[in-house]
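Student: Please find one structure pasted underneath; my questions will follow.
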Amino acid sequence: MIWSFLYGSLRGVADFVDPVPARCAQLLAQAEVDVALVPVIEYQRTPDVSLVADVCVASHQEVRSVILISKDCELNEIKSVALDESSRTSATLVKVIFREFLDHEPTWSTHSPNLNEMLEENDAALMIGDPAMLFPREGLKVWDMARLWRNYTDLGFVFAMWMVRNDSINKARAIDFAAARDEGVEHKADIVAQYHASLGIPSESLRHYLEENINFSLDDQLLRGLNLYFKLAHKHQLLPEVKPLKTIEP
């Protein structure tokens, strides 16, 4: 999604910052950036924004980088959950799953993504991104959040999309985000090598993640999953309203 802007043909076309997802949403809402790759829940919470059509970060089956972890509790026994402070869409997703499908409401708290600290005073921890892929899993119960969503809905899940401030749509239309995505896909080998070096995750595991776990195009099943997610978030009072999807084409 961002390789082209950092290293490829779109390098230098715009000033580029790279904070955690929750901070991206804040920068967009405060009009400090024109476009941001944002947790999808923030589309419903941020006024005067549109989505870039088709381009997304999603998963049809297992996502691997968004997980719920417990030391010794089964899912229906969890009474307290520590939420990764970097997350917004995933934090809402785990609440939807407990309320809609498990009919069970743990207490929630927000923490920095340190698993040991999160589990010191909580039955479970929600982690996203690199930290969710790096910790040893022996002796822990781990639930993949995209897999849970799939099990209950038979749909894929969209985690993030490019969002554009409506007063910056003309600027955004000058950038082909789909072409940027495609260029990134073409350079998977470079991305795998970079993150193998920085994270120490085996190359084959990273390649499988990019090819099998993550989807970068919004198909009909993912779109239906996105709309259901918004509907259930509103049903369980996690969104005040659901506005229709407004997208821009390149």
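As shown in the structure tokens, the chain order sets the letters A, B, ...; within each chain, residues go from 1, and ligands are also counted from 1 in the order they appear.
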Counting only C-alpha atoms, which residues of range 167-228 of chain A fall within 12 Å of range 124-137 of chain A, and what is the closest atom pair for each with its distance in Å at one decimal, ordered by chain and rising number, as CSV?

Tutor:
```
residue,atom,partner,partner_atom,distance
A:Tyr195,CA,A:Asp130,CA,9.9
A:His196,CA,A:Leu134,CA,11.6
A:Ser198,CA,A:Asp130,CA,10.6
A:Leu199,CA,A:Leu134,CA,7.8
A:Gly200,CA,A:Leu134,CA,8.6
A:Ile201,CA,A:Leu134,CA,7.5
A:Pro202,CA,A:Leu134,CA,10.8
A:Ser205,CA,A:Met133,CA,10.1
A:Leu206,CA,A:Met133,CA,9.9
A:Tyr209,CA,A:Met133,CA,10.3
```

Student: Next, write the just-selected residues to a file, as a CSV table (one decimal), in the first residue's frame, keeping C-alpha atoms as the atom set.

Tutor:
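Result saved to selection.csv:
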```
chain,number,residue,atom,x,y,z
A,195,TYR,CA,10.9,-6.8,7.0
A,196,HIS,CA,12.8,-10.0,7.3
A,198,SER,CA,14.1,-5.5,10.5
A,199,LEU,CA,11.7,-7.9,12.3
A,200,GLY,CA,13.5,-11.2,12.0
A,201,ILE,CA,10.4,-13.0,10.8
A,202,PRO,CA,11.2,-15.8,8.3
A,205,SER,CA,6.2,-16.5,6.7
A,206,LEU,CA,6.2,-12.9,5.5
A,209,TYR,CA,1.3,-13.2,5.0
```

Student: Per residue of range 139-158 of chain A within 8 Å of range 97-116 of chain A, which atom pair is closest and at what distance in Å (one decimal), using only C-alpha atoms, listed by chain and increasing number, as a tab-separated table?

Tutor:
```
residue	atom	partner	partner_atom	distance
A:Leu148	CA	A:Ile97	CA	8.0
A:Trp149	CA	A:Ile97	CA	7.3
A:Tyr152	CA	A:Phe101	CA	7.1
```

Student: Could you check the closest approach to Tyr43 in chain A for each of A:Phe159, A:Trp143, A:Phe177, A:Tyr7 and tell me which residue wins, using only C-alpha atoms?

Tutor: A:Phe159

Student: Would you kindly return, as a PDB file with C-alpha atoms, in the first residue's frame, each protein, DNA or RNA residue with an atom no farther than 9 Å from any atom of Asp54 in chain A, considering only C-alpha atoms and excluding same-chain residues fewer than 3 positions away?

Tutor:
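Output contents, as saved in around_19.pdb:
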```
ATOM      1  CA  LEU A  51     -12.945   6.523   0.616  1.00  0.00           C
ATOM      2  CA  MET A 161      -8.700   2.008   3.593  1.00  0.00           C
ATOM      3  CA  ALA A 178      -4.641   1.441  -7.206  1.00  0.00           C
ATOM      4  CA  PHE A 216      -5.571  -5.354  -1.085  1.00  0.00           C
ATOM      5  CA  SER A 217      -8.651  -5.045  -3.318  1.00  0.00           C
ATOM      6  CA  LEU A 218     -12.235  -4.566  -2.164  1.00  0.00           C
ATOM      7  CA  ASP A 219     -14.351  -7.351  -3.674  1.00  0.00           C
ATOM      8  CA  THR A 247     -15.915   6.745  -2.722  1.00  0.00           C
ATOM      9  CA  GLU A 249     -12.283   7.113  -8.345  1.00  0.00           C
TER      10      GLU A 249
END
```

Student: Pick the closest to Asp34 in chain A from A:Asp15, A:Glu183, A:Asp84, A:Glu120: which is it, counting only C-alpha atoms?

Tutor: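 Using only C-alpha atoms, the shortest distance to Asp34 in chain A belongs to A:Asp15.
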
Student: So that I can check the surroundings of Asn122 in chain A, please list as an NGL selection string every protein, DNA and RNA residue that reaches within 8 Å of it, counting only C-alpha atoms and ignoring chain neighbours fewer than 4 positions away.

Tutor: :A and (79-82 or 118)

Student: Using only C-alpha atoms, which protein or nucleic acid residues come within 12 Å of Pro47 in chain A? Drop anything in the same chain fewer than 5 positions from it, and give the result as a list in words.

Tutor: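 These residues fall inside the cut-off: Ala25, Leu28, Ala29, Gln30, Ala31, Glu42, Met163, Val164, Arg165, Asn166, Asp167, Glu241, Val242, Lys243 and Lys246 of chain A.
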
Student: Which is closest to Ile41 in chain A among A:Ile78, A:Val185, A:Val142, A:Leu245, if we use only C-alpha atoms?

Tutor: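 Of all the options, A:Leu245 lies closest to Ile41 in chain A.
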